[in-house]
$ cat final_0.pdb   # PDB, C-alpha atoms
ATOM      1  CA  MET A   1     -12.923 -19.192  -7.296
ATOM      2  CA  LYS A   2     -11.160 -22.455  -8.070
ATOM      3  CA  SER A   3      -8.709 -22.007  -5.187
ATOM      4  CA  LYS A   4      -8.398 -19.795  -2.130
ATOM      5  CA  THR A   5      -7.748 -16.288  -3.406
ATOM      6  CA  ALA A   6      -6.466 -13.077  -1.845
ATOM      7  CA  PHE A   7      -6.822  -9.615  -3.341
ATOM      8  CA  LEU A   8      -3.731  -7.393  -2.989
ATOM      9  CA  PHE A   9      -3.907  -3.602  -3.325
ATOM     10  CA  PRO A  10      -0.793  -1.530  -4.143
ATOM     11  CA  GLY A  11       0.547   1.484  -2.307
ATOM     12  CA  GLN A  12       2.467   4.607  -3.181
ATOM     13  CA  GLY A  13       5.208   4.124  -5.756
ATOM     14  CA  ALA A  14       3.099   1.987  -8.109
ATOM     15  CA  GLN A  15       1.631   4.989  -9.945
ATOM     16  CA  ALA A  16       2.076   5.487 -13.694
ATOM     17  CA  ILE A  17       0.648   8.065 -16.094
ATOM     18  CA  GLY A  18      -2.262   6.579 -18.025
ATOM     19  CA  MET A  19      -3.274   4.156 -15.288
ATOM     20  CA  GLY A  20      -6.953   3.306 -15.424
ATOM     21  CA  LYS A  21      -7.629   5.217 -18.655
ATOM     22  CA  ASP A  22      -8.588   2.184 -20.742
ATOM     23  CA  ILE A  23     -10.579   0.759 -17.810
ATOM     24  CA  TYR A  24     -12.583   3.991 -17.593
ATOM     25  CA  GLU A  25     -13.180   4.070 -21.345
ATOM     26  CA  THR A  26     -14.105   0.385 -21.655
ATOM     27  CA  TYR A  27     -16.229  -0.422 -18.610
ATOM     28  CA  GLU A  28     -19.261   1.671 -17.809
ATOM     29  CA  VAL A  29     -19.387   0.238 -14.281
ATOM     30  CA  ALA A  30     -15.926   1.672 -13.519
ATOM     31  CA  ARG A  31     -16.706   5.272 -14.472
ATOM     32  CA  PRO A  32     -18.756   6.258 -11.404
ATOM     33  CA  ILE A  33     -15.784   5.383  -9.174
ATOM     34  CA  TYR A  34     -13.629   8.060 -10.829
ATOM     35  CA  ASP A  35     -16.510  10.505 -11.217
ATOM     36  CA  GLU A  36     -17.644  10.196  -7.591
ATOM     37  CA  ALA A  37     -14.079  10.364  -6.261
ATOM     38  CA  GLU A  38     -13.626  13.640  -8.171
ATOM     39  CA  LYS A  39     -16.884  15.020  -6.818
ATOM     40  CA  ILE A  40     -16.049  14.080  -3.221
ATOM     41  CA  SER A  41     -12.422  15.263  -3.308
ATOM     42  CA  GLY A  42     -12.773  18.252  -5.640
ATOM     43  CA  LYS A  43      -9.654  17.057  -7.474
ATOM     44  CA  PRO A  44      -9.321  16.245 -11.207
ATOM     45  CA  ILE A  45      -8.404  12.614 -10.500
ATOM     46  CA  LYS A  46      -9.023  11.404 -14.061
ATOM     47  CA  GLN A  47      -6.680  14.034 -15.485
ATOM     48  CA  ILE A  48      -4.030  13.273 -12.862
ATOM     49  CA  CYS A  49      -4.237   9.519 -13.554
ATOM     50  CA  PHE A  50      -4.684   9.566 -17.314
ATOM     51  CA  GLU A  51      -2.499  12.525 -18.350
ATOM     52  CA  GLY A  52      -0.237  13.489 -15.460
ATOM     53  CA  PRO A  53       2.157  15.244 -15.671
ATOM     54  CA  GLN A  54       4.448  13.028 -13.617
ATOM     55  CA  GLU A  55       5.377  15.693 -11.065
ATOM     56  CA  VAL A  56       1.677  16.256 -10.313
ATOM     57  CA  LEU A  57       0.892  12.531 -10.095
ATOM     58  CA  ASN A  58       3.910  11.980  -7.834
ATOM     59  CA  LYS A  59       2.753  14.463  -5.195
ATOM     60  CA  THR A  60       1.766  12.331  -2.218
ATOM     61  CA  GLU A  61      -1.574  14.094  -1.812
ATOM     62  CA  ASN A  62      -2.408  13.180  -5.448
ATOM     63  CA  THR A  63      -0.702   9.791  -5.669
ATOM     64  CA  GLN A  64      -2.667   8.226  -2.848
ATOM     65  CA  LEU A  65      -6.045   9.292  -4.239
ATOM     66  CA  ALA A  66      -5.054   8.263  -7.770
ATOM     67  CA  ILE A  67      -3.986   4.723  -6.854
ATOM     68  CA  PHE A  68      -6.914   4.230  -4.467
ATOM     69  CA  THR A  69      -9.419   5.267  -7.151
ATOM     70  CA  THR A  70      -7.804   3.219  -9.920
ATOM     71  CA  SER A  71      -7.719   0.047  -7.816
ATOM     72  CA  LEU A  72     -11.360   0.473  -6.810
ATOM     73  CA  ALA A  73     -12.429   1.063 -10.426
ATOM     74  CA  ILE A  74     -10.850  -2.238 -11.505
ATOM     75  CA  LEU A  75     -12.351  -3.923  -8.454
ATOM     76  CA  GLU A  76     -15.797  -2.660  -9.451
ATOM     77  CA  VAL A  77     -15.519  -4.515 -12.762
ATOM     78  CA  LEU A  78     -14.530  -7.727 -10.981
ATOM     79  CA  LYS A  79     -17.433  -7.367  -8.546
ATOM     80  CA  SER A  80     -19.834  -6.846 -11.446
ATOM     81  CA  LYS A  81     -18.712 -10.237 -12.776
ATOM     82  CA  GLY A  82     -19.268 -11.893  -9.400
ATOM     83  CA  ILE A  83     -15.557 -12.265  -8.655
ATOM     84  CA  GLN A  84     -14.564 -11.901  -5.024
ATOM     85  CA  ALA A  85     -11.895 -13.068  -2.592
ATOM     86  CA  PRO A  86     -12.200 -13.998   1.096
ATOM     87  CA  ILE A  87      -8.923 -12.286   2.066
ATOM     88  CA  ALA A  88      -7.659  -8.785   1.253
ATOM     89  CA  VAL A  89      -4.488  -6.895   2.055
ATOM     90  CA  GLY A  90      -2.945  -3.646   0.859
ATOM     91  CA  LEU A  91       0.429  -1.991   1.192
ATOM     92  CA  SER A  92       0.182   1.226   3.196
ATOM     93  CA  LEU A  93      -2.562   3.254   1.448
ATOM     94  CA  GLY A  94      -3.671  -0.027  -0.185
ATOM     95  CA  GLU A  95      -5.047  -1.062   3.197
ATOM     96  CA  TYR A  96      -7.793   1.516   2.706
ATOM     97  CA  THR A  97      -8.728  -0.056  -0.631
ATOM     98  CA  ALA A  98      -8.945  -3.404   1.151
ATOM     99  CA  LEU A  99     -11.158  -1.889   3.874
ATOM    100  CA  VAL A 100     -13.538  -0.439   1.274
ATOM    101  CA  TYR A 101     -13.626  -3.756  -0.593
ATOM    102  CA  ALA A 102     -14.525  -5.558   2.656
ATOM    103  CA  GLY A 103     -17.308  -3.109   3.473
ATOM    104  CA  ILE A 104     -15.545  -2.008   6.668
ATOM    105  CA  LEU A 105     -15.148   1.523   5.274
ATOM    106  CA  LYS A 106     -17.617   3.254   2.962
ATOM    107  CA  PHE A 107     -16.323   4.563  -0.356
ATOM    108  CA  GLU A 108     -17.095   8.244   0.322
ATOM    109  CA  ALA A 109     -15.427   8.118   3.735
ATOM    110  CA  GLY A 110     -12.457   6.333   2.154
ATOM    111  CA  VAL A 111     -11.955   9.096  -0.407
ATOM    112  CA  LYS A 112     -12.079  11.765   2.308
ATOM    113  CA  LEU A 113      -9.642   9.889   4.537
ATOM    114  CA  ILE A 114      -7.154   9.196   1.744
ATOM    115  CA  GLN A 115      -7.272  12.838   0.668
ATOM    116  CA  LYS A 116      -6.546  14.021   4.216
ATOM    117  CA  ARG A 117      -3.926  11.298   4.782
ATOM    118  CA  GLY A 118      -2.038  12.213   1.614
ATOM    119  CA  TYR A 119      -2.126  15.907   2.494
ATOM    120  CA  CYS A 120      -0.819  15.290   6.035
ATOM    121  CA  MET A 121       1.924  12.946   4.855
ATOM    122  CA  GLU A 122       3.128  15.444   2.258
ATOM    123  CA  HIS A 123       2.893  18.704   4.180
ATOM    124  CA  MET A 124       3.402  17.774   7.828
ATOM    125  CA  VAL A 125       6.956  16.477   7.756
ATOM    126  CA  PRO A 126       9.934  18.103   9.541
ATOM    127  CA  LYS A 127      11.991  20.205   7.131
ATOM    128  CA  GLU A 128      15.008  17.943   6.829
ATOM    129  CA  ALA A 129      16.560  15.882   4.048
ATOM    130  CA  TYR A 130      15.314  12.297   4.176
ATOM    131  CA  ALA A 131      16.011   9.138   2.201
ATOM    132  CA  MET A 132      14.797   5.551   1.948
ATOM    133  CA  ALA A 133      16.696   2.455   0.847
ATOM    134  CA  ALA A 134      15.744  -1.163   0.174
ATOM    135  CA  VAL A 135      18.049  -3.719   1.792
ATOM    136  CA  ILE A 136      17.969  -7.070  -0.017
ATOM    137  CA  GLY A 137      19.394 -10.374   1.129
ATOM    138  CA  LEU A 138      19.984  -9.563   4.789
ATOM    139  CA  GLU A 139      17.765 -10.737   7.622
ATOM    140  CA  ALA A 140      15.637  -8.120   9.325
ATOM    141  CA  SER A 141      17.162  -8.686  12.776
ATOM    142  CA  LYS A 142      20.600  -7.607  11.518
ATOM    143  CA  ILE A 143      19.122  -4.523   9.858
ATOM    144  CA  GLU A 144      17.362  -3.655  13.127
ATOM    145  CA  GLU A 145      20.658  -4.006  15.006
ATOM    146  CA  VAL A 146      22.397  -1.554  12.677
ATOM    147  CA  CYS A 147      19.537   0.941  12.931
ATOM    148  CA  ASN A 148      19.543   0.655  16.726
ATOM    149  CA  GLN A 149      23.283   1.368  16.823
ATOM    150  CA  PHE A 150      22.742   4.590  14.885
ATOM    151  CA  LEU A 151      19.779   5.559  17.084
ATOM    152  CA  GLU A 152      21.940   5.121  20.190
ATOM    153  CA  GLU A 153      24.348   7.635  18.629
ATOM    154  CA  GLY A 154      21.480  10.072  18.128
ATOM    155  CA  LYS A 155      21.286   9.396  14.385
ATOM    156  CA  PHE A 156      17.853   8.710  12.898
ATOM    157  CA  VAL A 157      17.395   5.650  10.672
ATOM    158  CA  VAL A 158      14.780   2.922  11.193
ATOM    159  CA  PRO A 159      13.101   0.041   9.330
ATOM    160  CA  ALA A 160       9.970   1.402   7.609
ATOM    161  CA  ASN A 161       8.778  -1.488   5.438
ATOM    162  CA  TYR A 162       9.291  -5.191   6.021
ATOM    163  CA  ASN A 163       8.354  -6.295   2.505
ATOM    164  CA  TYR A 164       9.306  -9.968   2.705
ATOM    165  CA  SER A 165      11.895 -11.983   4.624
ATOM    166  CA  GLU A 166      14.750 -10.937   2.324
ATOM    167  CA  GLN A 167      13.835  -7.269   1.816
ATOM    168  CA  THR A 168      13.462  -4.473   4.346
ATOM    169  CA  VAL A 169      13.260  -0.754   3.578
ATOM    170  CA  ILE A 170      15.014   1.681   5.901
ATOM    171  CA  SER A 171      14.171   5.355   6.276
ATOM    172  CA  GLY A 172      15.849   8.283   7.972
ATOM    173  CA  ASN A 173      17.950  11.406   7.618
ATOM    174  CA  GLU A 174      19.631  11.340   4.218
ATOM    175  CA  ALA A 175      23.252  11.347   5.394
ATOM    176  CA  ILE A 176      22.531   8.667   8.013
ATOM    177  CA  VAL A 177      20.760   6.437   5.497
ATOM    178  CA  GLU A 178      23.866   6.671   3.304
ATOM    179  CA  GLU A 179      26.006   5.628   6.286
ATOM    180  CA  ALA A 180      23.659   2.756   7.102
ATOM    181  CA  MET A 181      23.652   1.588   3.482
ATOM    182  CA  GLN A 182      27.426   1.244   3.563
ATOM    183  CA  LYS A 183      27.349  -0.591   6.891
ATOM    184  CA  LEU A 184      24.689  -3.020   5.658
ATOM    185  CA  LYS A 185      26.708  -3.801   2.518
ATOM    186  CA  GLU A 186      29.673  -4.610   4.734
ATOM    187  CA  LEU A 187      27.476  -6.951   6.779
ATOM    188  CA  GLY A 188      26.633  -8.974   3.681
ATOM    189  CA  ALA A 189      23.508  -7.486   2.124
ATOM    190  CA  LYS A 190      23.238  -8.678  -1.482
ATOM    191  CA  ARG A 191      22.001  -5.289  -2.644
ATOM    192  CA  VAL A 192      21.202  -1.954  -1.028
ATOM    193  CA  VAL A 193      19.188   0.322  -3.302
ATOM    194  CA  ARG A 194      18.361   3.983  -2.690
ATOM    195  CA  LEU A 195      14.660   4.560  -3.441
ATOM    196  CA  GLN A 196      13.069   7.496  -5.239
ATOM    197  CA  THR A 197      10.665   8.033  -2.345
ATOM    198  CA  SER A 198      12.237  10.492   0.092
ATOM    199  CA  GLY A 199       9.687  11.101   2.846
ATOM    200  CA  PRO A 200      10.216   9.418   6.236
ATOM    201  CA  PHE A 201       6.973   7.452   5.822
ATOM    202  CA  HIS A 202       5.997   4.961   8.538
ATOM    203  CA  THR A 203       8.383   6.465  11.080
ATOM    204  CA  LYS A 204       8.014   8.643  14.185
ATOM    205  CA  LYS A 205       9.006  11.659  12.075
ATOM    206  CA  LEU A 206       5.374  11.752  10.896
ATOM    207  CA  MET A 207       3.991  12.270  14.402
ATOM    208  CA  GLN A 208       2.574  15.687  13.478
ATOM    209  CA  ALA A 209       0.902  14.171  10.412
ATOM    210  CA  LYS A 210      -0.548  11.385  12.554
ATOM    211  CA  GLU A 211      -1.988  13.845  15.071
ATOM    212  CA  ALA A 212      -3.580  15.974  12.333
ATOM    213  CA  TYR A 213      -4.955  12.883  10.634
ATOM    214  CA  GLU A 214      -6.590  11.693  13.856
ATOM    215  CA  GLN A 215      -9.029  14.598  13.541
ATOM    216  CA  ALA A 216     -10.220  13.269  10.163
ATOM    217  CA  LEU A 217     -10.500   9.734  11.538
ATOM    218  CA  GLU A 218     -12.820  10.988  14.282
ATOM    219  CA  GLN A 219     -15.375  11.867  11.583
ATOM    220  CA  ALA A 220     -15.257   8.401   9.979
ATOM    221  CA  SER A 221     -17.164   5.275  10.930
ATOM    222  CA  PHE A 222     -16.083   1.667  10.487
ATOM    223  CA  GLU A 223     -17.922  -1.609  10.694
ATOM    224  CA  ILE A 224     -16.110  -4.926  10.589
ATOM    225  CA  GLU A 225     -18.106  -7.255   8.391
ATOM    226  CA  GLN A 226     -17.556 -10.832   7.386
ATOM    227  CA  PRO A 227     -16.798 -12.889   5.371
ATOM    228  CA  VAL A 228     -13.920 -10.806   3.890
ATOM    229  CA  LYS A 229     -10.883 -10.763   6.164
ATOM    230  CA  VAL A 230      -8.544  -7.770   5.936
ATOM    231  CA  ILE A 231      -4.933  -8.035   7.085
ATOM    232  CA  LYS A 232      -3.485  -5.124   9.066
ATOM    233  CA  ASN A 233      -0.189  -3.552   7.981
ATOM    234  CA  ILE A 234       0.961  -2.808  11.511
ATOM    235  CA  ASP A 235       1.213  -6.425  12.664
ATOM    236  CA  GLY A 236       0.146  -8.787   9.875
ATOM    237  CA  THR A 237      -2.985 -10.012  11.676
ATOM    238  CA  TYR A 238      -6.639  -9.764  10.689
ATOM    239  CA  TYR A 239      -8.912  -6.928  11.715
ATOM    240  CA  ARG A 240     -11.319  -8.317  14.291
ATOM    241  CA  PRO A 241     -14.503  -7.068  15.979
ATOM    242  CA  GLY A 242     -13.528  -4.864  18.883
ATOM    243  CA  ASP A 243     -10.427  -3.457  17.173
ATOM    244  CA  ASN A 244      -9.982   0.295  17.574
ATOM    245  CA  ILE A 245      -9.646   0.903  13.827
ATOM    246  CA  LYS A 246      -9.162   4.664  14.178
ATOM    247  CA  GLU A 247      -6.218   4.122  16.492
ATOM    248  CA  ILE A 248      -4.773   1.429  14.220
ATOM    249  CA  LEU A 249      -4.964   3.633  11.108
ATOM    250  CA  ALA A 250      -3.494   6.624  12.935
ATOM    251  CA  ASN A 251      -0.576   4.538  14.224
ATOM    252  CA  HIS A 252      -0.181   3.091  10.740
ATOM    253  CA  ILE A 253       1.332   6.417   9.605
ATOM    254  CA  ILE A 254       4.189   6.198  12.119
ATOM    255  CA  SER A 255       4.602   2.396  12.290
ATOM    256  CA  PRO A 256       6.547   0.119   9.937
ATOM    257  CA  VAL A 257       4.575  -1.876   7.364
ATOM    258  CA  ARG A 258       4.682  -5.626   8.097
ATOM    259  CA  PHE A 259       3.867  -7.032   4.674
ATOM    260  CA  ASP A 260       6.233  -9.910   5.452
ATOM    261  CA  ARG A 261       3.846 -11.057   8.170
ATOM    262  CA  ALA A 262       0.868 -10.645   5.839
ATOM    263  CA  ILE A 263       2.538 -13.007   3.362
ATOM    264  CA  GLU A 264       3.199 -15.485   6.172
ATOM    265  CA  LEU A 265      -0.430 -15.326   7.313
ATOM    266  CA  MET A 266      -1.718 -15.931   3.778
ATOM    267  CA  LYS A 267       0.655 -18.869   3.422
ATOM    268  CA  ASN A 268      -0.682 -20.346   6.670
ATOM    269  CA  GLU A 269      -4.223 -19.805   5.355
ATOM    270  CA  GLU A 270      -3.232 -21.823   2.258
ATOM    271  CA  VAL A 271      -3.969 -19.025  -0.191
ATOM    272  CA  LYS A 272      -3.090 -20.312  -3.654
ATOM    273  CA  GLU A 273      -3.992 -17.374  -5.880
ATOM    274  CA  PHE A 274      -2.809 -13.800  -5.313
ATOM    275  CA  VAL A 275      -4.493 -11.121  -7.436
ATOM    276  CA  GLU A 276      -2.910  -7.663  -7.368
ATOM    277  CA  ILE A 277      -5.510  -5.072  -8.367
ATOM    278  CA  GLY A 278      -4.173  -1.704  -9.481
ATOM    279  CA  PRO A 279      -0.979  -0.314 -11.004
ATOM    280  CA  GLY A 280       2.330  -2.154 -10.729
ATOM    281  CA  LYS A 281       3.443  -5.657  -9.793
ATOM    282  CA  THR A 282       5.189  -4.947  -6.506
ATOM    283  CA  LEU A 283       3.088  -7.015  -4.107
ATOM    284  CA  THR A 284       2.875 -10.157  -6.211
ATOM    285  CA  GLY A 285       6.630  -9.786  -6.636
ATOM    286  CA  PHE A 286       7.033  -9.931  -2.853
ATOM    287  CA  VAL A 287       4.757 -12.973  -2.656
ATOM    288  CA  LYS A 288       6.645 -14.773  -5.411
ATOM    289  CA  LYS A 289       9.952 -14.210  -3.625
ATOM    290  CA  GLU A 290       8.599 -16.097  -0.614
ATOM    291  CA  ASN A 291       6.567 -18.692  -2.482
ATOM    292  CA  ARG A 292       7.690 -19.624  -5.970
ATOM    293  CA  GLU A 293       4.709 -21.982  -6.317
ATOM    294  CA  ALA A 294       2.196 -19.182  -5.806
ATOM    295  CA  ASN A 295      -0.177 -18.387  -8.650
ATOM    296  CA  VAL A 296       0.107 -14.605  -9.039
ATOM    297  CA  VAL A 297      -2.002 -12.337 -11.237
ATOM    298  CA  ASN A 298      -1.702  -8.605 -11.914
ATOM    299  CA  ILE A 299      -4.735  -6.668 -13.105
ATOM    300  CA  HIS A 300      -3.863  -3.123 -14.133
ATOM    301  CA  ASP A 301      -5.441  -2.571 -17.569
ATOM    302  CA  VAL A 302      -8.102  -3.926 -19.934
ATOM    303  CA  THR A 303      -5.823  -6.600 -21.408
ATOM    304  CA  SER A 304      -4.844  -8.089 -18.044
ATOM    305  CA  LEU A 305      -8.403  -7.779 -16.746
ATOM    306  CA  GLU A 306      -9.924  -9.547 -19.754
ATOM    307  CA  ALA A 307      -7.311 -12.301 -19.539
ATOM    308  CA  TYR A 308      -8.233 -12.905 -15.907
ATOM    309  CA  LEU A 309     -11.971 -12.835 -16.618
ATOM    310  CA  ASN A 310     -11.500 -15.375 -19.404
ATOM    311  CA  LEU A 311      -9.681 -17.696 -17.005
ATOM    312  CA  GLN A 312     -12.639 -17.604 -14.612
ATOM    313  CA  VAL A 313     -15.040 -18.979 -17.204
ATOM    314  CA  SER A 314     -12.714 -21.503 -18.798
TER
END
$ encode --input "final_0.pdb" --output "structure tokens"
Amino acid sequence: MKSKTAFLFPGQGAQAIGMGKDIYETYEVARPIYDEAEKISGKPIKQICFEGPQEVLNKTENTQLAIFTTSLAILEVLKSKGIQAPIAVGLSLGEYTALVYAGILKFEAGVKLIQKRGYCMEHMVPKEAYAMAAVIGLEASKIEEVCNQFLEEGKFVVPANYNYSEQTVISGNEAIVEEAMQKLKELGAKRVVRLQTSGPFHTKKLMQAKEAYEQALEQASFEIEQPVKVIKNIDGTYYRPGDNIKEILANHIISPVRFDRAIELMKNEEVKEFVEIGPGKTLTGFVKKENREANVVNIHDVTSLEAYLNLQVS
């Protein structure tokens, strides 16, 4: 690598029908990732990714496996060309892709965990109407104050994703989120956008899902290896030897994502190149908002992959 590089792995919401299809057809080295993931999970991942339909792909228990597999298939091509990065970070489920890339989590165990995680997050949610909204252009401390005011009134709405300094996603009961959206606009938010995702992800409402998922984590093993450093979602610091990874990943389900802190850490580490591997351009978008000088790359299909590979040899 010509400069310090970080690999970024997308999370739920980045999915699109057809993702990975041309990668699978073009690169022989990528095919075993899809084929093995299907064998381990018992799910038709290729069909879900390549053909949909959208309502099937959008089911959390399918989405997480689909994005995880697609990102790892692209990564396999990069690895076959000798391309690596010393730092990795993912958004929510993308953290698992980063852990597999770093060798902390084995591929087979990763597939099993993601399958269980997606199932728990889809099916073990209280039967209420939930909503999520992105708040843009208002500092996180003010958003936290508003959420705390509602919580004191017995109304549930909390920050769920701190994406970058100018964007925080809130989650909660649908009617309360609508109330909070109005309040945040009045406080000066540039934009408040209701998101398509409706589950109360990364909040205490998923406590039952967390507890069920802990049983799957007990069967997994982790080994922190160097030199790849993986940034944790829960606090924006690196995984280190001695970390209780099972506890961290269980708490991850009910804790807000601190991608803002991950960006800050990478900036302090003087990362110059940010390569998002998998569908969408969300994470490099967050990085660019904080650092307009950053060199960002998105690899999601054969065209973007070949363009990046050509840059490495030029």
$ resolve_selection --input "final_0.pdb" --expression "the PyMOL selection byres ((chain A and resi 174) around 7)" --output "number ranges by chain"
A: 129-131, 172-173, 175-178
$ residues_near_point --input "final_0.pdb" --point "(5.7, 5.2, 8.8)" --cutoff "12 Å" --atoms "all atoms listed in the file" --output "ChimeraX atom specification"
/A:91-93,121,125,132,157-162,169-172,199-210,233-234,249-258
$ atom_distance --input "final_0.pdb" --atom1 "CA of Phe259 (chain A)" --atom2 "CA of Ser165 (chain A)"
9.4 Å
$ atom_distance --input "final_0.pdb" --atom1 "CA of Glu276 (chain A)" --atom2 "CA of Val297 (chain A)"
6.1 Å
$ resolve_selection --input "final_0.pdb" --expression "the PyMOL selection byres ((chain A and resi 42-51) around 12)" --output "ChimeraX atom specification"
/A:14-25,30-41,52-59,61-71,73,111-112,115,278-279
$ residues_around --input "final_0.pdb" --residues "Ile231 (chain A)" --least-positions-apart "4" --cutoff "12 Å" --atoms "all atoms listed in the file" --output "PyMOL selection string"
chain A and resi 6-9+86-92+94-99+102+235-240+248+257-266+269
$ resolve_selection --input "final_0.pdb" --expression "the PyMOL selection byres ((chain A and resi 137) around 7)" --output "MDAnalysis selection string"
chainID A and resid 135:136 138:139 166:167 189:191
$ closest_residue --input "final_0.pdb" --among "A:Thr282, A:Ser80, A:Thr168, A:Asn244" --to "Pro10 (chain A)" --atoms "only C-alpha atoms"
A:Thr282
$ closest_residue --input "final_0.pdb" --among "A:Gln196, A:Lys142, A:Gly82, A:Glu293" --to "Val313 (chain A)" --atoms "only C-alpha atoms"
A:Gly82
$ atom_distance --input "final_0.pdb" --atom1 "CA of Lys267 (chain A)" --atom2 "CA of Gly11 (chain A)"
21.1 Å
$ build_atoms --input "final_0.pdb" --residues "region 5-26 of chain A" --atoms "N, CA and C atoms" --output "short mmCIF file (atom, residue, chain, number, x, y, z; two decimals), in the coordinates of the input"
data_model
loop_
_atom_site.label_atom_id
_atom_site.label_comp_id
_atom_site.auth_asym_id
_atom_site.auth_seq_id
_atom_site.Cartn_x
_atom_site.Cartn_y
_atom_site.Cartn_z
N THR A 5 -8.30 -17.48 -2.76
CA THR A 5 -7.75 -16.29 -3.41
C THR A 5 -7.64 -15.13 -2.42
N ALA A 6 -6.60 -14.33 -2.59
CA ALA A 6 -6.47 -13.08 -1.84
C ALA A 6 -6.32 -11.94 -2.84
N PHE A 7 -6.99 -10.84 -2.56
CA PHE A 7 -6.82 -9.62 -3.34
C PHE A 7 -5.74 -8.76 -2.67
N LEU A 8 -4.81 -8.25 -3.47
CA LEU A 8 -3.73 -7.39 -2.99
C LEU A 8 -3.88 -6.02 -3.62
N PHE A 9 -3.73 -4.97 -2.82
CA PHE A 9 -3.91 -3.60 -3.32
C PHE A 9 -2.63 -2.79 -3.12
N PRO A 10 -2.09 -2.21 -4.21
CA PRO A 10 -0.79 -1.53 -4.14
C PRO A 10 -0.83 -0.21 -3.38
N GLY A 11 0.38 0.22 -3.01
CA GLY A 11 0.55 1.48 -2.31
C GLY A 11 1.34 2.47 -3.14
N GLN A 12 1.75 3.53 -2.51
CA GLN A 12 2.47 4.61 -3.18
C GLN A 12 3.76 4.09 -3.82
N GLY A 13 4.04 4.58 -5.01
CA GLY A 13 5.21 4.12 -5.76
C GLY A 13 4.82 3.31 -6.97
N ALA A 14 3.57 2.80 -6.99
CA ALA A 14 3.10 1.99 -8.11
C ALA A 14 2.51 2.84 -9.23
N GLN A 15 2.33 4.12 -9.00
CA GLN A 15 1.63 4.99 -9.94
C GLN A 15 2.35 5.10 -11.29
N ALA A 16 1.55 5.27 -12.34
CA ALA A 16 2.08 5.49 -13.69
C ALA A 16 1.07 6.31 -14.48
N ILE A 17 1.55 7.25 -15.27
CA ILE A 17 0.65 8.06 -16.09
C ILE A 17 -0.11 7.16 -17.05
N GLY A 18 -1.42 7.39 -17.15
CA GLY A 18 -2.26 6.58 -18.02
C GLY A 18 -2.99 5.47 -17.29
N MET A 19 -2.65 5.27 -16.02
CA MET A 19 -3.27 4.16 -15.29
C MET A 19 -4.79 4.35 -15.19
N GLY A 20 -5.50 3.30 -15.51
CA GLY A 20 -6.95 3.31 -15.42
C GLY A 20 -7.68 3.90 -16.61
N LYS A 21 -6.96 4.52 -17.54
CA LYS A 21 -7.63 5.22 -18.66
C LYS A 21 -8.46 4.26 -19.50
N ASP A 22 -7.84 3.12 -19.89
CA ASP A 22 -8.59 2.18 -20.74
C ASP A 22 -9.70 1.49 -19.96
N ILE A 23 -9.52 1.33 -18.65
CA ILE A 23 -10.58 0.76 -17.81
C ILE A 23 -11.79 1.70 -17.82
N TYR A 24 -11.51 2.98 -17.62
CA TYR A 24 -12.58 3.99 -17.59
C TYR A 24 -13.33 4.04 -18.93
N GLU A 25 -12.58 3.97 -20.02
CA GLU A 25 -13.18 4.07 -21.34
C GLU A 25 -13.94 2.81 -21.75
N THR A 26 -13.54 1.67 -21.21
CA THR A 26 -14.10 0.38 -21.66
C THR A 26 -15.28 -0.08 -20.81
#
